[in-house]
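Have a look at input_18.cif; it's mmCIF, C-alpha atoms:
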data_run
loop_
_atom_site.label_atom_id
_atom_site.label_comp_id
_atom_site.auth_asym_id
_atom_site.auth_seq_id
_atom_site.Cartn_x
_atom_site.Cartn_y
_atom_site.Cartn_z
CA MET T 166 174.54 94.26 32.62
CA LYS T 167 170.84 94.40 31.76
CA VAL T 168 169.26 97.18 29.72
CA GLY T 169 165.55 97.96 29.54
CA VAL T 170 163.43 100.63 27.86
CA HIS T 171 160.47 102.77 28.85
CA PHE T 172 158.33 105.34 27.04
CA ASN T 173 156.41 108.36 28.35
CA TRP T 174 153.17 108.00 26.36
CA GLN T 175 153.01 111.78 26.56
CA ASN T 176 150.98 114.31 24.56
CA TYR T 177 153.24 117.26 25.28
CA THR T 178 151.70 119.68 22.78
CA ASP T 179 148.30 119.44 24.47
CA TRP T 180 149.32 121.11 27.73
CA PRO T 181 148.10 124.65 26.82
CA ARG T 182 144.68 123.34 25.71
CA TYR T 183 144.42 121.03 28.72
CA LEU T 184 145.33 123.74 31.25
CA ALA T 185 142.87 126.18 29.65
CA LYS T 186 140.15 123.49 29.53
CA ASP T 187 139.67 124.40 25.88
CA PRO T 188 136.80 122.32 24.38
CA LEU T 189 138.52 122.11 20.98
CA PRO T 190 140.23 118.78 20.19
CA PRO T 191 143.99 118.37 20.71
CA LYS T 192 146.29 119.30 17.83
CA ILE T 193 147.76 115.81 18.09
CA SER T 194 145.26 113.22 19.24
CA ASP T 195 145.99 110.80 22.06
CA GLN T 196 145.35 108.04 19.55
CA GLU T 197 148.23 109.28 17.38
CA ILE T 198 150.52 109.22 20.42
CA TYR T 199 149.42 105.67 21.16
CA GLU T 200 150.10 104.51 17.59
CA GLU T 201 153.65 105.90 17.75
CA GLU T 202 154.49 104.58 21.19
CA MET T 203 152.97 101.15 20.59
CA TYR T 204 155.12 100.81 17.49
CA LEU T 205 158.26 101.79 19.39
CA ALA T 206 157.41 99.55 22.34
CA GLY T 207 157.03 96.70 19.86
CA LEU T 208 160.71 97.08 18.95
CA VAL T 209 162.03 96.48 22.48
CA GLU T 210 162.08 92.68 22.28
CA PRO T 211 163.16 92.25 18.62
CA LEU T 212 166.07 94.66 19.06
CA GLY T 213 167.48 92.61 21.95
CA PHE T 214 166.71 94.75 24.99
CA ASP T 215 166.19 92.89 28.24
CA SER T 216 163.08 94.49 29.70
CA TYR T 217 160.18 96.86 29.22
CA TRP T 218 159.02 99.24 31.97
CA ALA T 219 155.75 101.09 32.48
CA ILE T 220 154.92 104.35 34.25
CA ASP T 221 151.82 104.72 36.45
CA HIS T 222 149.96 107.97 35.67
CA HIS T 223 146.44 109.18 35.00
CA PHE T 224 144.24 112.15 34.06
CA SER T 225 146.66 114.49 32.20
CA PRO T 226 148.79 114.62 29.01
CA TYR T 227 151.88 113.89 31.12
CA SER T 228 151.94 110.10 30.81
CA MET T 229 148.84 108.39 29.49
CA THR T 230 149.42 104.75 30.45
CA GLY T 231 146.21 104.40 32.43
CA GLY T 232 148.14 102.49 35.08
CA ALA T 233 151.36 100.47 34.94
CA LEU T 234 149.90 97.04 35.62
CA GLN T 235 147.16 97.21 32.98
CA HIS T 236 149.74 98.54 30.54
CA LEU T 237 152.18 95.70 31.18
CA THR T 238 149.45 93.07 31.02
CA TYR T 239 148.86 94.01 27.39
CA PHE T 240 152.55 93.79 26.53
CA ALA T 241 152.85 90.47 28.35
CA GLY T 242 150.69 89.03 25.58
CA LYS T 243 152.70 90.78 22.85
CA THR T 244 156.10 89.46 23.93
CA SER T 245 157.70 86.18 24.92
CA LYS T 246 161.25 86.84 26.17
CA ILE T 247 161.69 90.20 27.87
CA ASP T 248 161.26 90.93 31.57
CA PHE T 249 158.97 93.68 32.89
CA GLY T 250 159.10 96.39 35.51
CA THR T 251 156.88 99.10 36.99
CA MET T 252 158.25 102.58 37.55
CA ILE T 253 156.22 102.90 39.63
CA VAL T 254 152.92 101.59 41.00
CA VAL T 255 151.57 104.37 43.22
CA LEU T 256 150.12 102.28 46.05
CA PRO T 257 148.08 105.00 47.86
CA TRP T 258 145.80 105.51 44.84
CA TYR T 259 144.39 102.00 44.77
CA ASP T 260 142.64 99.43 46.87
CA PRO T 261 145.59 97.19 47.77
CA LEU T 262 143.66 94.01 46.94
CA VAL T 263 143.10 95.26 43.38
CA VAL T 264 146.83 95.89 42.97
CA ILE T 265 147.77 92.53 44.46
CA ASP T 266 145.26 90.71 42.29
CA GLN T 267 146.60 92.40 39.14
CA ILE T 268 150.19 91.57 40.11
CA ALA T 269 149.26 87.90 40.58
CA VAL T 270 147.66 87.76 37.13
CA LEU T 271 150.62 89.47 35.46
CA ASP T 272 153.07 87.22 37.31
CA ASN T 273 151.32 84.19 35.82
CA LEU T 274 150.97 85.66 32.33
CA LEU T 275 154.72 86.20 32.21
CA GLN T 276 155.25 82.43 32.65
CA GLY T 277 158.46 82.74 34.62
CA ARG T 278 159.79 85.99 33.18
CA GLN T 279 160.97 88.44 35.83
CA LEU T 280 158.69 91.20 37.14
CA THR T 281 160.36 94.00 39.09
CA LEU T 282 157.87 95.89 41.22
CA GLY T 283 158.84 99.52 41.48
CA LEU T 284 156.60 101.09 44.12
CA GLY T 285 155.97 104.64 45.35
CA ARG T 286 153.61 107.04 47.08
CA GLY T 287 153.05 109.59 44.26
CA ALA T 288 153.16 113.38 44.31
CA GLY T 289 150.53 114.60 41.85
CA VAL T 290 147.44 116.32 43.23
CA ARG T 291 145.98 115.96 39.70
CA GLU T 292 145.78 112.26 40.51
CA PHE T 293 145.16 112.19 44.26
CA ASP T 294 142.09 114.41 44.06
CA PRO T 295 140.24 112.45 41.30
CA PHE T 296 141.07 109.21 43.10
CA ARG T 297 139.60 110.85 46.23
CA VAL T 298 142.65 110.06 48.34
CA PRO T 299 144.03 112.78 50.65
CA MET T 300 147.61 113.42 49.58
CA GLY T 301 148.69 113.94 53.18
CA GLU T 302 147.83 110.29 53.91
CA ALA T 303 150.06 108.96 51.12
CA ARG T 304 152.99 107.76 53.21
CA ASP T 305 150.81 105.94 55.75
CA ARG T 306 148.67 104.40 53.00
CA PHE T 307 151.81 103.29 51.18
CA ASN T 308 153.20 101.56 54.27
CA GLU T 309 149.91 99.81 55.02
CA SER T 310 149.47 98.68 51.40
CA LEU T 311 153.00 97.27 51.41
CA GLU T 312 152.22 95.35 54.60
CA ILE T 313 149.12 93.85 52.98
CA MET T 314 151.04 92.99 49.82
CA ARG T 315 153.63 91.07 51.81
CA LYS T 316 150.90 89.22 53.73
CA ALA T 317 149.33 88.16 50.44
CA MET T 318 152.64 86.94 49.06
CA THR T 319 153.59 84.92 52.13
CA ASN T 320 150.21 83.38 53.10
CA GLU T 321 147.57 81.64 51.03
CA TRP T 322 144.88 82.96 53.38
CA PHE T 323 145.27 86.32 55.09
CA SER T 324 143.28 89.17 56.67
CA HIS T 325 144.07 92.72 57.69
CA ASP T 326 142.71 95.21 60.22
CA GLY T 327 144.48 98.53 59.72
CA GLN T 328 143.99 102.28 59.75
CA PHE T 329 142.78 102.54 56.14
CA TYR T 330 141.96 98.99 55.07
CA LYS T 331 139.99 96.26 56.79
CA ILE T 332 140.11 93.01 54.83
CA PRO T 333 138.27 89.86 55.90
CA GLU T 334 140.06 86.55 55.48
CA THR T 335 140.63 86.01 51.78
CA THR T 336 143.07 84.58 49.27
CA ILE T 337 144.52 85.62 45.91
CA ARG T 338 143.84 83.57 42.78
CA PRO T 339 145.63 82.78 40.61
CA MET T 340 148.29 82.07 43.19
CA PHE T 341 151.56 83.89 42.66
CA ARG T 342 153.94 81.97 40.45
CA ASN T 343 157.03 83.03 42.39
CA PRO T 344 156.18 85.29 45.34
CA GLU T 345 159.68 85.08 46.84
CA ARG T 346 161.25 86.50 43.70
CA LEU T 347 158.61 89.24 43.51
CA MET T 348 159.39 90.35 47.04
CA GLU T 349 163.12 90.27 46.36
CA ARG T 350 162.61 92.56 43.35
CA MET T 351 160.51 95.24 45.07
CA ARG T 352 162.06 98.67 44.61
CA VAL T 353 161.14 102.22 45.58
CA ALA T 354 161.82 105.52 43.81
CA TRP T 355 162.30 108.60 45.97
CA SER T 356 163.35 112.22 45.83
CA SER T 357 162.85 113.20 49.47
CA PRO T 358 165.59 112.39 52.02
CA GLU T 359 163.00 111.02 54.46
CA THR T 360 162.04 108.20 52.10
CA LEU T 361 165.54 106.73 51.74
CA PRO T 362 165.90 105.35 55.31
CA LEU T 363 162.25 104.21 55.32
CA THR T 364 162.85 102.25 52.12
CA ALA T 365 166.13 100.74 53.25
CA ASN T 366 164.74 99.72 56.65
CA ASN T 367 161.79 98.07 54.88
CA GLY T 368 164.19 95.75 53.06
CA LEU T 369 163.29 97.23 49.66
CA GLY T 370 165.59 98.03 46.75
CA MET T 371 166.47 101.22 44.85
CA LEU T 372 164.88 102.60 41.67
CA MET T 373 166.52 105.84 40.52
CA THR T 374 164.21 107.76 38.18
CA ASN T 375 166.64 110.49 37.11
CA GLN T 376 165.48 113.23 39.49
CA LYS T 377 168.89 114.02 41.01
CA SER T 378 172.49 114.48 39.91
CA TRP T 379 174.64 111.38 39.58
CA ASP T 380 176.79 112.70 42.46
CA ALA T 381 173.71 112.86 44.70
CA TYR T 382 172.68 109.37 43.69
CA LYS T 383 176.18 108.10 44.48
CA GLN T 384 175.77 109.30 48.04
CA ASP T 385 172.25 107.82 48.17
CA VAL T 386 173.61 104.39 47.20
CA ALA T 387 176.16 104.59 50.00
CA ASP T 388 173.65 105.85 52.58
CA PHE T 389 171.10 103.22 51.56
CA ASN T 390 173.59 100.37 51.87
CA ASN T 391 174.94 101.67 55.16
CA ILE T 392 171.45 101.18 56.58
CA ARG T 393 171.25 97.68 55.09
CA ILE T 394 174.62 96.80 56.60
CA GLY T 395 173.41 98.09 59.96
CA ASN T 396 170.37 95.82 59.63
CA GLY T 397 172.53 92.80 58.83
CA GLN T 398 171.53 92.77 55.15
CA SER T 399 173.66 92.48 52.04
CA ILE T 400 174.60 95.39 49.77
CA THR T 401 172.18 96.03 46.91
CA GLN T 402 172.42 97.86 43.58
CA PRO T 403 169.77 100.02 41.86
CA SER T 404 167.91 100.14 38.58
CA VAL T 405 168.70 103.52 36.99
CA VAL T 406 166.74 105.54 34.42
CA VAL T 407 168.77 107.45 31.81
CA LYS T 408 167.73 109.58 28.82
CA VAL T 409 169.54 108.49 25.65
CA ALA T 410 170.12 109.96 22.18
CA CYS T 411 172.41 107.76 20.07
CA PHE T 412 173.38 108.96 16.57
CA GLU T 413 176.40 108.86 14.28
CA ASP T 414 176.51 112.67 14.47
CA GLU T 415 177.20 114.07 17.95
CA ALA T 416 175.66 117.41 16.99
CA GLU T 417 172.39 115.77 15.98
CA ALA T 418 172.20 113.88 19.27
CA TRP T 419 172.87 117.05 21.25
CA GLU T 420 170.29 119.05 19.32
CA LEU T 421 167.60 116.50 20.22
CA MET T 422 168.62 116.52 23.88
CA ARG T 423 168.88 120.31 24.01
CA ARG T 424 165.46 120.76 22.47
CA HIS T 425 163.39 118.00 24.05
CA VAL T 426 164.72 117.53 27.61
CA PRO T 427 163.43 120.97 28.71
CA GLU T 428 160.05 120.05 27.21
CA SER T 429 160.02 116.87 29.28
CA THR T 430 160.94 118.75 32.46
CA LYS T 431 158.28 121.40 31.89
CA SER T 432 155.69 118.69 31.33
CA SER T 433 156.59 117.22 34.70
CA LYS T 434 156.21 120.63 36.37
CA HIS T 435 152.80 121.09 34.75
CA HIS T 436 151.61 117.70 35.93
CA TYR T 437 152.90 117.89 39.49
CA GLN T 438 152.11 121.61 39.84
CA PHE T 439 155.45 122.28 41.48
CA GLY T 440 154.77 125.99 41.24
CA ASP T 441 152.13 125.65 43.97
CA VAL T 442 154.73 125.95 46.73
CA ASP T 443 152.24 126.58 49.53
CA ARG T 444 150.34 123.38 48.79
CA PHE T 445 153.48 121.30 49.22
CA LYS T 446 154.48 123.21 52.35
CA ASN T 447 151.09 122.45 53.89
CA THR T 448 150.80 118.78 52.86
CA LYS T 449 152.14 116.23 55.33
CA GLY T 450 155.09 114.33 53.94
CA TYR T 451 155.59 116.64 50.92
CA GLU T 452 157.11 119.72 52.52
CA GLN T 453 160.47 119.15 50.80
CA TYR T 454 158.83 119.38 47.35
CA ALA T 455 158.28 123.11 47.89
CA ALA T 456 161.93 123.67 46.99
CA ILE T 457 161.35 122.28 43.48
CA GLY T 458 158.88 125.05 42.72
CA LYS T 459 161.53 127.64 43.57
CA ALA T 460 164.17 126.13 41.25
CA PRO T 461 165.02 127.94 37.98
CA ASP T 462 162.97 126.73 35.02
CA ASP T 463 164.58 128.59 32.12
CA ASP T 464 165.81 126.47 29.22
CA GLU T 465 169.48 127.21 29.89
CA HIS T 466 169.24 125.82 33.41
CA LEU T 467 167.14 122.82 32.37
CA ILE T 468 169.63 121.96 29.63
CA LYS T 469 172.55 122.17 32.02
CA VAL T 470 171.08 120.03 34.79
CA GLY T 471 168.74 117.84 32.75
CA ALA T 472 170.32 117.24 29.34
CA GLU T 473 174.10 117.49 29.71
CA PRO T 474 174.47 114.66 32.28
CA GLN T 475 172.52 112.17 30.16
CA ALA T 476 173.89 109.65 27.63
CA TRP T 477 173.98 111.34 24.23
CA GLY T 478 176.31 111.47 21.23
CA THR T 479 177.88 108.85 19.01
CA PRO T 480 177.64 105.18 20.00
CA ASP T 481 181.12 105.30 21.55
CA GLN T 482 180.25 108.46 23.49
CA VAL T 483 176.95 107.00 24.70
CA PHE T 484 178.70 103.86 25.91
CA GLU T 485 181.34 105.83 27.81
CA LYS T 486 178.73 108.08 29.40
CA LEU T 487 176.68 105.09 30.50
CA ARG T 488 179.80 103.45 31.89
CA HIS T 489 180.43 106.63 33.90
CA ILE T 490 176.84 106.69 35.16
CA GLN T 491 177.18 103.04 36.17
CA SER T 492 180.30 103.85 38.17
CA MET T 493 178.50 106.73 39.91
CA THR T 494 175.31 104.85 40.75
CA ALA T 495 176.39 101.18 40.88
CA ALA T 496 173.50 100.46 38.50
CA GLU T 497 172.87 96.78 37.96
CA GLU T 498 170.56 97.66 35.07
CA PHE T 499 169.69 100.70 32.99
CA ILE T 500 166.19 101.76 31.95
CA LEU T 501 166.50 103.91 28.85
CA ASN T 502 164.16 106.77 27.96
CA VAL T 503 164.63 107.26 24.21
CA LYS T 504 161.65 109.51 23.40
CA PHE T 505 160.67 112.59 25.42
CA GLY T 506 158.96 115.91 24.87
CA THR T 507 158.02 116.36 21.22
CA MET T 508 160.85 114.21 19.86
CA PRO T 509 159.71 112.74 16.52
CA ALA T 510 159.03 109.02 16.68
CA GLU T 511 161.27 108.38 13.68
CA LYS T 512 164.21 109.98 15.50
CA ALA T 513 163.52 107.91 18.60
CA GLU T 514 163.46 104.78 16.45
CA GLU T 515 166.72 105.71 14.72
CA SER T 516 168.40 106.28 18.07
CA MET T 517 166.99 103.07 19.49
CA ARG T 518 168.12 100.95 16.54
CA ARG T 519 171.63 102.41 16.52
CA PHE T 520 171.92 101.89 20.26
CA ALA T 521 170.77 98.27 19.94
CA GLU T 522 173.33 97.60 17.20
CA LYS T 523 176.39 99.42 18.53
CA VAL T 524 176.01 99.97 22.28
CA LEU T 525 173.76 97.26 23.69
CA PRO T 526 176.16 94.33 23.03
CA ARG T 527 178.95 96.20 24.83
CA LEU T 528 176.73 96.86 27.83
CA HIS T 529 175.67 93.22 27.92
CA ASP T 530 179.37 92.38 28.24
CA LEU T 531 179.93 94.98 30.98
CA GLU T 532 180.01 93.65 34.52
CA ALA T 533 177.68 95.74 36.68
CA THR T 534 179.90 96.13 39.72
CA MET T 535 179.92 98.65 42.54
CA ASP T 536 182.70 101.20 42.17
CA PRO T 537 185.35 101.06 44.95
CA SER T 538 184.66 104.70 45.85
CA ILE T 539 181.04 103.78 46.68
CA LEU T 540 182.17 100.71 48.60
CA GLU T 541 184.38 102.94 50.73
CA LEU T 542 181.37 105.12 51.58
CA THR T 543 179.38 102.05 52.66
CA ARG T 544 181.83 100.85 55.30
CA THR T 545 180.13 102.67 58.16
CA GLU T 546 180.03 100.78 61.42
CA LYS T 547 176.63 99.67 62.71
CA ALA T 548 177.16 101.62 65.94
CA THR T 549 177.06 104.94 64.07
CA MET T 550 173.76 104.33 62.28
CA GLY T 551 171.71 106.18 64.88
CA GLU T 552 173.93 109.25 64.57
CA ILE T 553 173.70 109.37 60.77
CA PHE T 554 169.99 108.68 60.36
#
Could you render the structure as structure tokens?
Amino acid sequence: MKVGVHFNWQNYTDWPRYLAKDPLPPKISDQEIYEEEMYLAGLVEPLGFDSYWAIDHHFSPYSMTGGALQHLTYFAGKTSKIDFGTMIVVLPWYDPLVVIDQIAVLDNLLQGRQLTLGLGRGAGVREFDPFRVPMGEARDRFNESLEIMRKAMTNEWFSHDGQFYKIPETTIRPMFRNPERLMERMRVAWSSPETLPLTANNGLGMLMTNQKSWDAYKQDVADFNNIRIGNGQSITQPSVVVKVACFEDEAEAWELMRRHVPESTKSSKHHYQFGDVDRFKNTKGYEQYAAIGKAPDDDEHLIKVGAEPQAWGTPDQVFEKLRHIQSMTAAEEFILNVKFGTMPAEKAEESMRRFAEKVLPRLHDLEATMDPSILELTRTEKATMGEIF
């Protein structure tokens, strides 16, 4: 199976200063974070990983990529073999023609390497407000942007007259190198139950960004493929994000997970403002996010639900845990997160190098199949689709 890597580009220690709008400089500068993460990202190809993935975030210490497509365009010029993926491009934030134009450029810069387009609608008011996009319009804007994207990839000349975007007849240059493959590799990440059937019925694939239990994702894979079967489509398998700590000493790996996974989770809660339950309740399409703000956020709980299920320990333990996650999710590829919270860069590098030496070759030899228990769940007759969804 294929194995990729992503980094958070996160200045975790700056959250108190940022939230207080303190005019003093950060304790750790954003430039220091960039030096560390650029060095680690530069190891992805030499160490033999298959792909590099970029997150799409703005305006806070949470993930300072400045946009997934710009980020990947830089690394396209720094690499020659690895594939790329976005996790995700938040379509409602941008003029769809800008996104499509950037995708076309990146597609050509990769010179035939694969680009997987993970797409989504976003959930951070810290980003929607500065972009001047009403968050309650996100789902409709996403759907319309996706429609425009498909027009651009299937027609040299196209126009659009929609609710949010009116585009006179135009064309995209450079032309897409392989638009059919781009459309085949479009994937959506979701946490809300409403998004799953919308994604499956749109003919898109699955990107699992580690926001649920593996048991919940197992059911999602079955439900998703039941819809595809009902639509006369073939079964599909997801890309799955996993946090990894790979060391010769199990205790060292666990200490890093125990310490830094809660930091990562708290950073996410700061960025998305999950504690503002009323805002989510009153925003169209985001009502289900209100439950996240009510969830326990003590370290003990975050360790149990966020750290324990991940892939940590010795190389043998990490391999077995990833094999278990693959059986639960039917992952066709993993996207590893090897540095999170305030984890020191040197520890992330040590983990990454050990994984590349002792685990990666075994995963490359592993056939990424769908577990029979998931296949059983996907054998729902087409006639029952309306009752289930």
**Prompt:** In Å, how far is it from atom CA of T:Lys383 to atom CA of T:Asn308?
**Reply:**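 Taking atom CA of T:Lys383 as the start and atom CA of T:Asn308 as the end point, the length is 25.8 Å.
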Hey, can you pull every residue with an atom no more than 9 Å from (155.1, 106.9, 48.4), using all atoms listed in the file, and send it as a PDB file with C-alpha atoms, keeping the file's coordinate frame?
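Saved the output as result09.pdb:
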ATOM      1  CA  VAL T 255     151.570 104.370  43.220  1.00  0.00           C
ATOM      2  CA  LEU T 256     150.120 102.280  46.050  1.00  0.00           C
ATOM      3  CA  PRO T 257     148.080 105.000  47.860  1.00  0.00           C
ATOM      4  CA  LEU T 284     156.600 101.090  44.120  1.00  0.00           C
ATOM      5  CA  GLY T 285     155.970 104.640  45.350  1.00  0.00           C
ATOM      6  CA  ARG T 286     153.610 107.040  47.080  1.00  0.00           C
ATOM      7  CA  GLY T 287     153.050 109.590  44.260  1.00  0.00           C
ATOM      8  CA  ALA T 288     153.160 113.380  44.310  1.00  0.00           C
ATOM      9  CA  ALA T 303     150.060 108.960  51.120  1.00  0.00           C
ATOM     10  CA  ARG T 304     152.990 107.760  53.210  1.00  0.00           C
ATOM     11  CA  ASP T 305     150.810 105.940  55.750  1.00  0.00           C
ATOM     12  CA  ARG T 306     148.670 104.400  53.000  1.00  0.00           C
ATOM     13  CA  PHE T 307     151.810 103.290  51.180  1.00  0.00           C
ATOM     14  CA  ASN T 308     153.200 101.560  54.270  1.00  0.00           C
ATOM     15  CA  VAL T 353     161.140 102.220  45.580  1.00  0.00           C
ATOM     16  CA  ALA T 354     161.820 105.520  43.810  1.00  0.00           C
ATOM     17  CA  TRP T 355     162.300 108.600  45.970  1.00  0.00           C
ATOM     18  CA  THR T 360     162.040 108.200  52.100  1.00  0.00           C
TER      19      THR T 360
END
**Message:** I'd like to know which of T:Phe520, T:Phe214, T:Tyr177, T:Tyr227 is closest to T:Gln438, using all atoms listed in the file.
**Reply:**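 So, comparing all the options, the nearest one is T:Tyr227.
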**Message:** Which residues, named as in the file, does the PyMOL selection byres ((chain T and resi 312-321) around 6) pick out? Answer as a list in words.
**Reply:** Glu309, Ser310, Leu311, Trp322, Thr336 and Pro344 of chain T
**Item:** the PyMOL selection byres ((chain T and resi 526-541) around 6) resolved against shown file, as a list in words
**Value:**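 That expression, the PyMOL selection byres ((chain T and resi 526-541) around 6), corresponds here to Met166, Ala387, Ser492, Ala495, Glu497, Val524, Leu525, Leu542, Thr543 and Arg544 of chain T.
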Store the residues picked out above, limited to C-alpha atoms, as a tab-separated table (two decimals), keeping the file's coordinate frame.
chain	number	residue	atom	x	y	z
T	166	MET	CA	174.54	94.26	32.62
T	387	ALA	CA	176.16	104.59	50.00
T	492	SER	CA	180.30	103.85	38.17
T	495	ALA	CA	176.39	101.18	40.88
T	497	GLU	CA	172.87	96.78	37.96
T	524	VAL	CA	176.01	99.97	22.28
T	525	LEU	CA	173.76	97.26	23.69
T	542	LEU	CA	181.37	105.12	51.58
T	543	THR	CA	179.38	102.05	52.66
T	544	ARG	CA	181.83	100.85	55.30
**Prompt:** Using all atoms listed in the file, which of the listed residues (T:Asp464, T:Ala455, T:Gly471, T:Lys434) sits closest to T:Lys377?
**Reply:**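 The shortest atom-to-atom distance to T:Lys377 comes from T:Gly471.
Closest to T:Val386 among T:Val426, T:Ile457, T:Met373, T:Leu271 is T:Met373, based on all atoms listed in the file.
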**Request:** Give me, please, the distance in Å between atom CA of T:Glu292 and atom CA of T:Phe224, quoted to one decimal.
**Result:** 6.6 Å
**Message:** Residues near T:Leu234, anyone? I mean within 8 Å using all atoms listed in the file, not counting same-chain ones fewer than 3 positions away, as a list in words.
**Reply:**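 Listing them by chain and then by number gives Ala219, Asp221, Leu237, Thr238, Thr251, Val254, Gln267, Ile268 and Leu271 of chain T.
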**Asked** How many Å separate atom CA of T:Leu212 from atom CA of T:Ala521?
**Response** 6.0 Å
**Asked** If you apply the PyMOL selection byres ((chain T and resi 170) around 6) to this file, what residues do you get, as a list in words?
**Response** Gly169, His171, Tyr217, Ile500 and Leu501 of chain T
**Message:** List the spatial neighbours of stretch 411-420 of chain T as a PyMOL selection string - criterion: any atom at most 7 Å away, all atoms listed in the file, same-chain residues fewer than 3 positions off excluded.
**Reply:** chain T and resi 423-424+477-480+483+516+519-520
Based on the selection just made, write C-alpha atoms of those residues as a compact mmCIF listing (two decimals), in the frame of the given file.
# COMPACT_ATOMS: atom_id res chain seq x y z
CA ARG T 423 168.88 120.31 24.01
CA ARG T 424 165.46 120.76 22.47
CA TRP T 477 173.98 111.34 24.23
CA GLY T 478 176.31 111.47 21.23
CA THR T 479 177.88 108.85 19.01
CA PRO T 480 177.64 105.18 20.00
CA VAL T 483 176.95 107.00 24.70
CA SER T 516 168.40 106.28 18.07
CA ARG T 519 171.63 102.41 16.52
CA PHE T 520 171.92 101.89 20.26
**Fill in**
Restricting to all atoms listed in the file, whichever of T:Tyr259, T:Phe293, T:Phe249, T:Phe439 is closest to T:Arg278 is T:Phe249
**Message:** Quick one: residues within 7 Å of T:Phe389, all atoms listed in the file, excluding same-chain residues fewer than 2 positions away - as an MDAnalysis selection string?
**Reply:** chainID T and resid 361:362 365 385:387 391:393
Dump of C-alpha atoms for the selected residues, as a short mmCIF file (atom, residue, chain, number, x, y, z; two decimals), keeping the file's coordinate frame:
data_model
loop_
_atom_site.label_atom_id
_atom_site.label_comp_id
_atom_site.auth_asym_id
_atom_site.auth_seq_id
_atom_site.Cartn_x
_atom_site.Cartn_y
_atom_site.Cartn_z
CA LEU T 361 165.54 106.73 51.74
CA PRO T 362 165.90 105.35 55.31
CA ALA T 365 166.13 100.74 53.25
CA ASP T 385 172.25 107.82 48.17
CA VAL T 386 173.61 104.39 47.20
CA ALA T 387 176.16 104.59 50.00
CA ASN T 391 174.94 101.67 55.16
CA ILE T 392 171.45 101.18 56.58
CA ARG T 393 171.25 97.68 55.09
#
**Prompt:** With all atoms listed in the file as the basis for distance, which of T:Gly440, T:His222, T:Asp388, T:Pro461 is at the shortest distance from T:Glu359?
**Reply:** T:Asp388
**Prompt:** For T:Asp380, which of T:His489, T:Arg518, T:Arg291, T:Lys504 is the closest residue, counting all atoms listed in the file?
**Reply:** T:His489
**Item:** Within 6 Å of stretch 506-514 of chain T using all atoms listed in the file, minus same-chain residues under 5 positions, as JSON, numbers by chain
**Value:** {"T": [177, 425, 428, 429]}
Same residues, C-alpha atoms, output as an mmCIF file, in the coordinates of the input:
data_model
loop_
_atom_site.group_PDB
_atom_site.id
_atom_site.type_symbol
_atom_site.label_atom_id
_atom_site.label_comp_id
_atom_site.auth_asym_id
_atom_site.auth_seq_id
_atom_site.Cartn_x
_atom_site.Cartn_y
_atom_site.Cartn_z
ATOM 1 C CA TYR T 177 153.240 117.260 25.280
ATOM 2 C CA HIS T 425 163.390 118.000 24.050
ATOM 3 C CA GLU T 428 160.050 120.050 27.210
ATOM 4 C CA SER T 429 160.020 116.870 29.280
#
**Item:** T:Leu282 environment, 7 Å, all atoms listed in the file, sequence neighbours closer than 3 positions dropped, as an MDAnalysis selection string
**Value:** chainID T and resid 250:251 350:352
**Asked** For the point (149.0, 86.3, 29.8) in file coordinates, what residues are within 9 Å, counting only C-alpha atoms? Give the answer as a VMD selection string?
**Response** chain T and resid 238 to 242 270 to 276
